[in-house]
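Peer 1: Contents are PDB, C-alpha atoms; file name coords-v4.pdb:
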ATOM      1  CA  MET L 347      -6.789 -49.011  -0.353
ATOM      2  CA  SER L 348      -8.958 -47.817  -3.205
ATOM      3  CA  ASP L 349      -7.806 -45.198  -5.670
ATOM      4  CA  SER L 350     -10.895 -43.054  -5.336
ATOM      5  CA  PRO L 351     -10.314 -39.902  -3.371
ATOM      6  CA  GLN L 352     -11.377 -40.236   0.207
ATOM      7  CA  TRP L 353     -10.917 -38.279   3.342
ATOM      8  CA  PHE L 354      -8.793 -39.881   5.953
ATOM      9  CA  ASP L 355      -7.982 -38.831   9.452
ATOM     10  CA  GLU L 356      -7.600 -35.069   9.824
ATOM     11  CA  GLU L 357      -8.697 -34.418   6.266
ATOM     12  CA  ALA L 358     -12.177 -35.569   7.205
ATOM     13  CA  GLY L 359     -12.386 -32.700   9.686
ATOM     14  CA  PRO L 360     -12.482 -32.945  13.432
ATOM     15  CA  LEU L 361     -14.358 -35.881  14.866
ATOM     16  CA  VAL L 362     -15.339 -33.743  17.791
ATOM     17  CA  ARG L 363     -16.264 -30.130  17.117
ATOM     18  CA  PRO L 364     -13.914 -27.791  18.994
ATOM     19  CA  TYR L 365     -16.624 -26.342  21.157
ATOM     20  CA  ALA L 366     -17.797 -29.771  22.170
ATOM     21  CA  LEU L 367     -14.388 -30.242  23.764
ATOM     22  CA  ILE L 368     -15.099 -27.419  26.105
ATOM     23  CA  ARG L 369     -18.764 -28.222  26.569
ATOM     24  CA  GLY L 370     -20.056 -25.207  24.732
ATOM     25  CA  ARG L 371     -18.304 -22.610  26.825
ATOM     26  CA  THR L 372     -16.682 -19.659  25.153
ATOM     27  CA  ARG L 373     -15.117 -17.964  28.160
ATOM     28  CA  SER L 374     -12.423 -19.352  30.349
ATOM     29  CA  SER L 375     -12.705 -19.189  34.096
ATOM     30  CA  GLY L 376     -11.002 -16.200  35.599
ATOM     31  CA  ASP L 377      -9.167 -13.652  33.494
ATOM     32  CA  ALA L 378      -8.769 -14.079  29.777
ATOM     33  CA  PHE L 379      -5.268 -15.127  28.865
ATOM     34  CA  ASP L 380      -3.250 -12.873  26.664
ATOM     35  CA  LEU L 381      -2.180 -14.394  23.364
ATOM     36  CA  VAL L 382       1.456 -14.101  24.354
ATOM     37  CA  ALA L 383       1.054 -15.155  27.973
ATOM     38  CA  THR L 384       3.447 -17.922  28.972
ATOM     39  CA  VAL L 385       2.055 -21.326  29.832
ATOM     40  CA  ARG L 386       4.008 -23.810  31.937
ATOM     41  CA  ALA L 387       3.131 -27.308  33.050
ATOM     42  CA  ILE L 388       3.340 -27.524  36.829
ATOM     43  CA  GLY L 389       1.270 -30.621  37.542
ATOM     44  CA  GLU L 390       1.495 -34.261  36.689
ATOM     45  CA  PRO L 391      -0.924 -35.609  34.103
ATOM     46  CA  THR L 392      -3.580 -37.872  35.533
ATOM     47  CA  GLY L 393      -5.615 -40.488  33.775
ATOM     48  CA  GLU L 394      -8.678 -38.276  33.817
ATOM     49  CA  LEU L 395      -7.296 -35.757  31.379
ATOM     50  CA  GLY L 396      -8.628 -35.573  27.865
ATOM     51  CA  PRO L 397      -6.258 -35.920  24.932
ATOM     52  CA  GLU L 398      -6.127 -32.140  24.374
ATOM     53  CA  GLN L 399      -5.196 -31.468  27.978
ATOM     54  CA  GLN L 400      -2.500 -34.101  27.775
ATOM     55  CA  LEU L 401      -1.148 -32.500  24.618
ATOM     56  CA  ILE L 402      -1.102 -29.120  26.351
ATOM     57  CA  LEU L 403       0.763 -30.541  29.341
ATOM     58  CA  ARG L 404       3.309 -32.123  27.059
ATOM     59  CA  ALA L 405       3.766 -28.978  24.979
ATOM     60  CA  ALA L 406       4.061 -26.789  28.079
ATOM     61  CA  ARG L 407       6.884 -28.748  29.699
ATOM     62  CA  SER L 408       9.021 -25.881  28.554
ATOM     63  CA  PRO L 409       7.375 -22.435  28.571
ATOM     64  CA  ILE L 410       5.149 -21.802  25.557
ATOM     65  CA  SER L 411       2.836 -18.953  24.580
ATOM     66  CA  VAL L 412      -0.934 -19.302  24.336
ATOM     67  CA  ALA L 413      -0.759 -18.493  20.614
ATOM     68  CA  ASP L 414       1.933 -21.105  19.987
ATOM     69  CA  LEU L 415      -0.146 -23.671  21.854
ATOM     70  CA  ALA L 416      -3.145 -22.936  19.659
ATOM     71  CA  VAL L 417      -1.021 -23.407  16.547
ATOM     72  CA  GLU L 418       0.509 -26.590  17.891
ATOM     73  CA  LEU L 419      -2.843 -28.092  18.845
ATOM     74  CA  ASP L 420      -4.475 -26.698  15.698
ATOM     75  CA  LEU L 421      -7.393 -25.427  17.728
ATOM     76  CA  PRO L 422      -9.018 -21.992  17.794
ATOM     77  CA  VAL L 423      -7.526 -19.710  20.432
ATOM     78  CA  GLY L 424     -10.867 -19.406  22.228
ATOM     79  CA  VAL L 425     -10.993 -23.156  22.744
ATOM     80  CA  VAL L 426      -7.429 -23.301  23.994
ATOM     81  CA  ARG L 427      -8.144 -20.537  26.483
ATOM     82  CA  VAL L 428     -11.054 -22.411  28.005
ATOM     83  CA  LEU L 429      -8.982 -25.581  28.269
ATOM     84  CA  LEU L 430      -6.180 -23.595  29.909
ATOM     85  CA  GLY L 431      -8.580 -22.009  32.377
ATOM     86  CA  ASP L 432      -9.723 -25.438  33.538
ATOM     87  CA  MET L 433      -6.189 -26.724  33.763
ATOM     88  CA  ARG L 434      -5.077 -23.754  35.777
ATOM     89  CA  ASP L 435      -7.990 -24.249  38.160
ATOM     90  CA  HIS L 436      -6.788 -27.806  38.658
ATOM     91  CA  GLY L 437      -3.232 -26.712  39.344
ATOM     92  CA  LEU L 438      -1.831 -28.366  36.230
ATOM     93  CA  ILE L 439      -0.401 -25.279  34.587
ATOM     94  CA  SER L 440       0.654 -21.750  35.395
ATOM     95  CA  VAL L 441      -0.053 -18.848  33.089
ATOM     96  CA  THR L 442       1.945 -15.641  33.333
ATOM     97  CA  SER L 443       1.550 -12.563  31.188
ATOM     98  CA  SER L 444       4.559 -10.447  30.362
ATOM     99  CA  SER L 445       3.212  -8.247  27.596
ATOM    100  CA  ALA L 446       0.886  -6.196  29.758
ATOM    101  CA  GLY L 447       3.417  -4.575  31.999
ATOM    102  CA  GLY L 448       7.138  -4.466  32.435
ATOM    103  CA  ALA L 449       8.650  -5.727  29.236
ATOM    104  CA  ARG L 450       7.440  -3.159  26.753
ATOM    105  CA  THR L 451       8.280  -0.357  29.119
ATOM    106  CA  ASN L 452      11.752  -1.648  29.738
ATOM    107  CA  GLU L 453      14.342   0.396  27.893
ATOM    108  CA  ARG L 454      17.025  -2.243  28.106
ATOM    109  CA  ILE L 455      14.771  -4.884  26.556
ATOM    110  CA  LEU L 456      13.670  -2.593  23.714
ATOM    111  CA  LYS L 457      17.298  -1.807  22.897
ATOM    112  CA  GLU L 458      18.028  -5.500  22.914
ATOM    113  CA  VAL L 459      15.159  -6.054  20.478
ATOM    114  CA  ILE L 460      16.443  -3.328  18.142
ATOM    115  CA  ASN L 461      19.913  -4.869  18.112
ATOM    116  CA  GLY L 462      18.440  -8.315  17.666
ATOM    117  CA  LEU L 463      16.390  -7.174  14.673
ATOM    118  CA  ARG L 464      19.446  -5.540  13.117
ATOM    119  CA  ALA L 465      21.329  -8.812  13.444
ATOM    120  CA  LEU L 466      18.614 -10.840  11.707
TER     121      LEU L 466
ATOM    122  CA  MET J 647      22.075 -20.800  35.473
ATOM    123  CA  ASP J 648      19.069 -21.650  37.584
ATOM    124  CA  SER J 649      18.096 -18.035  37.933
ATOM    125  CA  VAL J 650      18.180 -17.630  34.166
ATOM    126  CA  LEU J 651      16.012 -20.656  33.648
ATOM    127  CA  SER J 652      13.422 -19.622  36.172
ATOM    128  CA  GLU J 653      13.164 -16.155  34.715
ATOM    129  CA  ASP J 654       9.931 -15.622  32.838
ATOM    130  CA  PRO J 655      10.376 -15.398  29.094
ATOM    131  CA  VAL J 656       9.707 -11.931  27.757
ATOM    132  CA  ALA J 657       7.101 -11.807  25.011
ATOM    133  CA  LEU J 658       6.489  -8.642  23.053
ATOM    134  CA  LYS J 659       3.593  -8.085  20.718
ATOM    135  CA  ILE J 660       3.660  -6.096  17.489
ATOM    136  CA  LEU J 661       0.539  -5.637  15.406
ATOM    137  CA  ILE J 662       0.483  -5.459  11.636
ATOM    138  CA  ALA J 663      -2.521  -3.494  10.435
ATOM    139  CA  GLY J 664      -3.846  -1.987   7.235
ATOM    140  CA  GLY J 665      -6.542  -2.556   4.670
ATOM    141  CA  PHE J 666      -7.462  -5.822   3.066
ATOM    142  CA  GLY J 667      -4.806  -7.153   0.711
ATOM    143  CA  VAL J 668      -2.281  -4.443   1.514
ATOM    144  CA  GLY J 669       0.544  -6.847   2.317
ATOM    145  CA  LYS J 670       0.141  -7.726   5.998
ATOM    146  CA  THR J 671       0.639 -11.431   5.445
ATOM    147  CA  THR J 672       3.608 -10.812   3.174
ATOM    148  CA  LEU J 673       5.271  -8.568   5.738
ATOM    149  CA  VAL J 674       4.875 -11.093   8.538
ATOM    150  CA  GLY J 675       6.180 -13.830   6.247
ATOM    151  CA  SER J 676       9.178 -11.775   5.118
ATOM    152  CA  ILE J 677      10.600 -11.435   8.567
ATOM    153  CA  SER J 678       9.361 -14.383  10.582
ATOM    154  CA  GLU J 679       8.211 -17.919  10.397
ATOM    155  CA  ILE J 680       4.529 -17.452   9.712
ATOM    156  CA  LYS J 681       1.791 -19.672  11.020
ATOM    157  CA  PRO J 682      -1.951 -19.362  10.724
ATOM    158  CA  LEU J 683      -3.558 -18.862  14.102
ATOM    159  CA  ARG J 684      -7.176 -19.925  14.222
ATOM    160  CA  THR J 685      -9.710 -17.885  16.055
ATOM    161  CA  GLU J 686     -13.351 -18.779  15.819
ATOM    162  CA  GLU J 687     -15.382 -15.663  15.961
ATOM    163  CA  VAL J 688     -18.868 -14.314  15.592
ATOM    164  CA  LEU J 689     -19.738 -12.870  12.212
ATOM    165  CA  SER J 690     -21.995  -9.917  12.441
ATOM    166  CA  ASP J 691     -24.255  -9.042   9.531
ATOM    167  CA  ARG J 692     -22.031  -6.062   8.818
ATOM    168  CA  GLY J 693     -19.846  -8.327   6.760
ATOM    169  CA  ILE J 694     -22.582  -9.333   4.394
ATOM    170  CA  GLY J 695     -22.275  -7.541   1.114
ATOM    171  CA  VAL J 696     -18.732  -6.537   1.908
ATOM    172  CA  ASP J 697     -17.179  -9.905   1.335
ATOM    173  CA  ASP J 698     -18.288 -12.601  -0.971
ATOM    174  CA  LEU J 699     -20.604 -14.342   1.421
ATOM    175  CA  ASP J 700     -23.224 -15.361  -1.114
ATOM    176  CA  GLY J 701     -25.048 -18.419   0.018
ATOM    177  CA  VAL J 702     -23.774 -18.276   3.549
ATOM    178  CA  GLU J 703     -26.031 -15.561   4.898
ATOM    179  CA  ALA J 704     -27.115 -17.795   7.735
ATOM    180  CA  LYS J 705     -23.595 -18.326   8.914
ATOM    181  CA  THR J 706     -23.011 -16.646  12.232
ATOM    182  CA  THR J 707     -19.568 -17.877  13.144
ATOM    183  CA  THR J 708     -16.528 -18.164  11.040
ATOM    184  CA  THR J 709     -12.993 -19.253  11.478
ATOM    185  CA  VAL J 710     -10.709 -16.306  11.180
ATOM    186  CA  ALA J 711      -7.139 -17.192  10.502
ATOM    187  CA  MET J 712      -4.839 -14.531  11.787
ATOM    188  CA  ASP J 713      -1.266 -14.233  10.616
ATOM    189  CA  PHE J 714       1.036 -15.001  13.445
ATOM    190  CA  GLY J 715       4.799 -14.788  13.321
ATOM    191  CA  ARG J 716       7.547 -15.192  15.855
ATOM    192  CA  ILE J 717      10.978 -13.601  15.923
ATOM    193  CA  THR J 718      13.295 -15.038  18.525
ATOM    194  CA  ILE J 719      15.722 -12.341  19.607
ATOM    195  CA  ARG J 720      17.412 -14.682  22.057
ATOM    196  CA  GLU J 721      16.306 -17.449  24.322
ATOM    197  CA  GLY J 722      13.676 -15.961  26.565
ATOM    198  CA  LEU J 723      13.055 -12.855  24.442
ATOM    199  CA  VAL J 724      10.559 -13.237  21.662
ATOM    200  CA  VAL J 725       8.704 -10.759  19.473
ATOM    201  CA  TYR J 726       5.329 -11.925  18.239
ATOM    202  CA  LEU J 727       3.735 -10.424  15.169
ATOM    203  CA  PHE J 728      -0.004 -10.494  14.706
ATOM    204  CA  GLY J 729      -1.697  -9.506  11.490
ATOM    205  CA  THR J 730      -4.885  -7.767  12.532
ATOM    206  CA  PRO J 731      -8.002  -8.960  10.762
ATOM    207  CA  GLY J 732      -8.504  -6.673   7.799
ATOM    208  CA  GLN J 733     -12.238  -6.305   7.786
ATOM    209  CA  GLU J 734     -14.148  -3.972   9.999
ATOM    210  CA  ARG J 735     -16.393  -6.655  11.340
ATOM    211  CA  PHE J 736     -13.472  -8.134  13.226
ATOM    212  CA  TRP J 737     -12.673  -4.948  15.039
ATOM    213  CA  PHE J 738     -13.758  -6.299  18.350
ATOM    214  CA  MET J 739     -10.677  -8.516  18.177
ATOM    215  CA  TRP J 740      -8.405  -5.521  18.010
ATOM    216  CA  ASP J 741      -8.837  -4.416  21.597
ATOM    217  CA  GLU J 742      -7.547  -7.706  22.824
ATOM    218  CA  LEU J 743      -4.758  -7.800  20.288
ATOM    219  CA  SER J 744      -3.553  -4.317  21.032
ATOM    220  CA  TYR J 745      -3.647  -4.740  24.790
ATOM    221  CA  GLY J 746      -0.089  -4.492  25.986
ATOM    222  CA  ALA J 747       1.267  -4.257  22.442
ATOM    223  CA  LEU J 748       4.665  -2.722  21.929
ATOM    224  CA  GLY J 749       3.407  -0.979  18.827
ATOM    225  CA  ALA J 750       1.848  -1.335  15.417
ATOM    226  CA  VAL J 751       2.819  -1.155  11.773
ATOM    227  CA  VAL J 752       0.111   0.347   9.578
ATOM    228  CA  ILE J 753       0.706  -0.685   5.988
ATOM    229  CA  ALA J 754      -0.587   1.786   3.438
ATOM    230  CA  ASP J 755      -1.203   1.466  -0.281
ATOM    231  CA  THR J 756      -1.178   4.890  -1.939
ATOM    232  CA  ARG J 757      -3.709   3.721  -4.533
ATOM    233  CA  ARG J 758      -6.280   3.353  -1.781
ATOM    234  CA  LEU J 759      -4.952   5.284   1.111
ATOM    235  CA  THR J 760      -8.348   5.593   2.784
ATOM    236  CA  ASP J 761      -8.172   1.898   3.621
ATOM    237  CA  CYS J 762      -5.688   2.604   6.365
ATOM    238  CA  PHE J 763      -7.583   5.526   7.946
ATOM    239  CA  PRO J 764      -9.405   3.276  10.432
ATOM    240  CA  SER J 765      -6.147   1.690  11.611
ATOM    241  CA  VAL J 766      -4.478   5.075  12.027
ATOM    242  CA  ASP J 767      -7.477   6.392  13.969
ATOM    243  CA  TYR J 768      -7.563   3.336  16.142
ATOM    244  CA  PHE J 769      -3.925   3.458  17.231
ATOM    245  CA  GLU J 770      -3.994   7.223  17.659
ATOM    246  CA  GLN J 771      -6.976   6.932  19.979
ATOM    247  CA  ARG J 772      -5.452   4.109  21.979
ATOM    248  CA  GLY J 773      -2.098   5.805  22.244
ATOM    249  CA  THR J 774      -0.351   2.777  20.753
ATOM    250  CA  PRO J 775       2.933   3.798  19.096
ATOM    251  CA  PHE J 776       2.737   3.108  15.366
ATOM    252  CA  VAL J 777       4.593   3.673  12.123
ATOM    253  CA  VAL J 778       3.094   3.987   8.661
ATOM    254  CA  ALA J 779       4.823   1.796   6.090
ATOM    255  CA  VAL J 780       3.882   2.673   2.529
ATOM    256  CA  ASN J 781       4.072  -0.522   0.535
ATOM    257  CA  CYS J 782       5.462   0.285  -2.895
ATOM    258  CA  PHE J 783       3.473  -1.937  -5.181
ATOM    259  CA  ASP J 784       4.721  -2.490  -8.690
ATOM    260  CA  GLY J 785       3.205   0.034 -10.999
ATOM    261  CA  ALA J 786       1.775   2.161  -8.228
ATOM    262  CA  GLU J 787       2.463   5.825  -8.599
ATOM    263  CA  GLN J 788       5.145   6.888  -6.171
ATOM    264  CA  HIS J 789       4.232   9.420  -3.559
ATOM    265  CA  SER J 790       6.557  11.085  -1.166
ATOM    266  CA  VAL J 791       6.314  10.235   2.495
ATOM    267  CA  ASP J 792       5.420  13.868   3.094
ATOM    268  CA  ASP J 793       2.376  13.564   0.836
ATOM    269  CA  VAL J 794       1.271  10.506   2.769
ATOM    270  CA  ARG J 795       1.848  12.239   6.097
ATOM    271  CA  ILE J 796      -0.312  15.153   5.017
ATOM    272  CA  ALA J 797      -3.008  12.932   3.540
ATOM    273  CA  LEU J 798      -3.212  10.923   6.756
ATOM    274  CA  ASP J 799      -2.929  14.029   8.920
ATOM    275  CA  LEU J 800      -0.277  12.376  11.074
ATOM    276  CA  ASP J 801       1.512  13.886  14.019
ATOM    277  CA  ASP J 802       5.063  14.946  13.234
ATOM    278  CA  ASP J 803       6.588  12.294  15.436
ATOM    279  CA  VAL J 804       4.881   9.368  13.675
ATOM    280  CA  PRO J 805       7.437   7.756  11.346
ATOM    281  CA  VAL J 806       6.331   7.316   7.746
ATOM    282  CA  MET J 807       8.486   5.218   5.439
ATOM    283  CA  LEU J 808       8.443   3.609   2.045
ATOM    284  CA  CYS J 809       8.890  -0.131   1.999
ATOM    285  CA  ASP J 810       8.638  -3.270  -0.038
ATOM    286  CA  VAL J 811       7.076  -5.820   2.266
ATOM    287  CA  ARG J 812       8.319  -8.696   0.106
ATOM    288  CA  ARG J 813      11.904  -7.873   0.940
ATOM    289  CA  ARG J 814      13.298  -9.061   4.220
ATOM    290  CA  THR J 815      15.683  -6.124   4.618
ATOM    291  CA  SER J 816      12.826  -3.716   4.045
ATOM    292  CA  ALA J 817      10.564  -5.543   6.493
ATOM    293  CA  LYS J 818      13.400  -5.506   9.018
ATOM    294  CA  GLU J 819      13.847  -1.784   8.608
ATOM    295  CA  VAL J 820      10.137  -1.235   9.265
ATOM    296  CA  MET J 821      10.303  -3.276  12.467
ATOM    297  CA  ILE J 822      13.418  -1.508  13.696
ATOM    298  CA  THR J 823      11.829   1.883  12.995
ATOM    299  CA  LEU J 824       8.787   0.857  15.013
ATOM    300  CA  VAL J 825      10.712  -0.386  18.033
ATOM    301  CA  GLU J 826      12.904   2.731  17.958
ATOM    302  CA  HIS J 827       9.748   4.827  17.862
ATOM    303  CA  SER J 828       8.279   2.892  20.799
ATOM    304  CA  LEU J 829      11.501   3.438  22.693
ATOM    305  CA  ARG J 830      11.396   7.191  21.992
ATOM    306  CA  THR J 831       7.755   7.324  23.058
ATOM    307  CA  LEU J 832       8.720   5.548  26.252
ATOM    308  CA  THR J 833      11.699   7.723  27.120
ATOM    309  CA  SER J 834       9.847  10.957  26.348
ATOM    310  CA  ALA J 835       7.035   9.850  28.650
ATOM    311  CA  ASN J 836       9.429   9.264  31.535
TER     312      ASN J 836
END
Please, can you express the file's structure as structure tokens?

Peer 2:
Amino acid sequence: MSDSPQWFDEEAGPLVRPYALIRGRTRSSGDAFDLVATVRAIGEPTGELGPEQQLILRAARSPISVADLAVELDLPVGVVRVLLGDMRDHGLISVTSSSAGGARTNERILKEVINGLRAL
Amino acid sequence: MDSVLSEDPVALKILIAGGFGVGKTTLVGSISEIKPLRTEEVLSDRGIGVDDLDGVEAKTTTTVAMDFGRITIREGLVVYLFGTPGQERFWFMWDELSYGALGAVVIADTRRLTDCFPSVDYFEQRGTPFVVAVNCFDGAEQHSVDDVRIALDLDDDVPVMLCDVRRRTSAKEVMITLVEHSLRTLTSAN
């Protein structure tokens, strides 16, 4: 290896531009996923999946939020959403949103959060 | 145990807003493990001349890194913190961020209080519960919370508090005040 500074691997930037991964689309199919929606793997990976989809399936074996997935994959949220939309259409993952409704209007949960914050 | 496992995790969203450089990132970092969340967004020409964009006038998209923190209350109950993008040109991201949010913290700097007007207006209009946390910067002249309340023309029920976002206990207090306020808003609505 030479001593001159060079870019290797990730430092050289992505080999494939993020939006090329999703073939130029910027909207996912169906509803947009909330940043804190929960993603779960429900299907088995097949050989046809791209590396990003496989990473998502692996990461979503236990429930994970859309935002956490984006951080884990180091991809922009918009890209992750499109990938998730495809995967949901193929029955590989489920996406459920909890922030929109019940939770924040649930007194018991809010009290639990207050106590949890106090205990931090 | 099975029923616990199959239960959907509860995810709550809290927004951290305020002007550029007011301490949003510091607050998120004081109380949670902070990670940069990448969002690739359209840059409108409104940003030009506001930020140092010399030489990149032709740039139409930019990567916006949003501060993103997670506080695990217990397994299956997580509070997510999102630092809202500070510049006005990213406002279109706010609607999505604030959708379903438990509430918002508006950080204010008394040396440039006007910077937080847009955030206050935004959450007032949307009916999102919020608290105003006055970040006490070193050397900044101290103002009473009442002065700030009057200057911002806040409703009486909106909590205003002094804080030091660098301190975990102070950041914690801000969060607790917000969730308590959200809870009050909720119970008074019922």

Peer 1: When the cut-off is 8 Å and we count all atoms listed in the file, which residues of chain J are near chain L, given as a VMD selection string?

Peer 2: chain J and resid 654 to 659 681 to 686 709 719 to 720 726 742 to 743 745 to 748 818 821 to 822 825 to 826 829 832 to 833

Peer 1: Let me know the residues the PyMOL selection byres ((chain J and resi 664-680) around 7) catches in the file above, as a PyMOL selection string.

Peer 2: chain J and resi 662-663+681-682+713-717+727+729+732-733+752-755+761-762+765+811-814+817-818

Peer 1: For Ala750 in chain J, work out the shell of residues within 6 Å, counting only C-alpha atoms and skipping chain neighbours fewer than 2 positions away, then give it as a list in words.

Peer 2: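 Counting only the stated atoms, we get Ile660, Leu661, Ile662 and Phe776 of chain J.
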
Peer 1: Could you spell out the hits of the PyMOL selection byres ((chain J and resi 791) around 12) on the shown file, as a VMD selection string?

Peer 2: chain J and resid 754 to 756 777 to 782 788 to 790 792 to 800 802 804 to 809

Peer 1: Just to be explicit: take each residue in the selection above, keep C-alpha atoms, and write the result as a compact mmCIF listing (two decimals), in the frame of the given file.

Peer 2:
# COMPACT_ATOMS: atom_id res chain seq x y z
CA ALA J 754 -0.59 1.79 3.44
CA ASP J 755 -1.20 1.47 -0.28
CA THR J 756 -1.18 4.89 -1.94
CA VAL J 777 4.59 3.67 12.12
CA VAL J 778 3.09 3.99 8.66
CA ALA J 779 4.82 1.80 6.09
CA VAL J 780 3.88 2.67 2.53
CA ASN J 781 4.07 -0.52 0.54
CA CYS J 782 5.46 0.28 -2.90
CA GLN J 788 5.14 6.89 -6.17
CA HIS J 789 4.23 9.42 -3.56
CA SER J 790 6.56 11.08 -1.17
CA ASP J 792 5.42 13.87 3.09
CA ASP J 793 2.38 13.56 0.84
CA VAL J 794 1.27 10.51 2.77
CA ARG J 795 1.85 12.24 6.10
CA ILE J 796 -0.31 15.15 5.02
CA ALA J 797 -3.01 12.93 3.54
CA LEU J 798 -3.21 10.92 6.76
CA ASP J 799 -2.93 14.03 8.92
CA LEU J 800 -0.28 12.38 11.07
CA ASP J 802 5.06 14.95 13.23
CA VAL J 804 4.88 9.37 13.68
CA PRO J 805 7.44 7.76 11.35
CA VAL J 806 6.33 7.32 7.75
CA MET J 807 8.49 5.22 5.44
CA LEU J 808 8.44 3.61 2.04
CA CYS J 809 8.89 -0.13 2.00

Peer 1: When you draw a straight line from CA of Val441 in chain L to CA of Thr392 in chain L, how long is it in Å?

Peer 2: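 Straight-line distance from CA of Val441 in chain L to CA of Thr392 in chain L works out to 19.5 Å.
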
Peer 1: Could you list the residues chosen by the PyMOL selection byres ((chain L and resi 430) around 9) in this structure as an MDAnalysis selection string?

Peer 2: chainID L and resid 374:375 379 385 399 402 412 425:429 431:435 439:441

Peer 1: How would the residues just picked look written out with C-alpha atoms as a tab-separated table (two decimals), in the frame of the given file?

Peer 2:
chain	number	residue	atom	x	y	z
L	374	SER	CA	-12.42	-19.35	30.35
L	375	SER	CA	-12.70	-19.19	34.10
L	379	PHE	CA	-5.27	-15.13	28.86
L	385	VAL	CA	2.06	-21.33	29.83
L	399	GLN	CA	-5.20	-31.47	27.98
L	402	ILE	CA	-1.10	-29.12	26.35
L	412	VAL	CA	-0.93	-19.30	24.34
L	425	VAL	CA	-10.99	-23.16	22.74
L	426	VAL	CA	-7.43	-23.30	23.99
L	427	ARG	CA	-8.14	-20.54	26.48
L	428	VAL	CA	-11.05	-22.41	28.00
L	429	LEU	CA	-8.98	-25.58	28.27
L	431	GLY	CA	-8.58	-22.01	32.38
L	432	ASP	CA	-9.72	-25.44	33.54
L	433	MET	CA	-6.19	-26.72	33.76
L	434	ARG	CA	-5.08	-23.75	35.78
L	435	ASP	CA	-7.99	-24.25	38.16
L	439	ILE	CA	-0.40	-25.28	34.59
L	440	SER	CA	0.65	-21.75	35.40
L	441	VAL	CA	-0.05	-18.85	33.09

Peer 1: Could you please determine the separation between CA of Ser408 in chain L and CA of Val724 in chain J in Å, to one decimal place?

Peer 2: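 Separation of CA of Ser408 in chain L and CA of Val724 in chain J: 14.5 Å.
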
Peer 1: Calculate how many Å separate CA of Phe783 in chain J from CA of Arg757 in chain J, rounding to one decimal.

Peer 2: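 Here the two named atoms are 9.2 Å from each other.
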
Peer 1: When you count all atoms listed in the file, which of these residues is closest to His436 in chain L: L:Leu419, L:Glu394, L:Ala406, L:Leu401?

Peer 2: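 Using all atoms listed in the file, the shortest distance to His436 in chain L belongs to L:Glu394.
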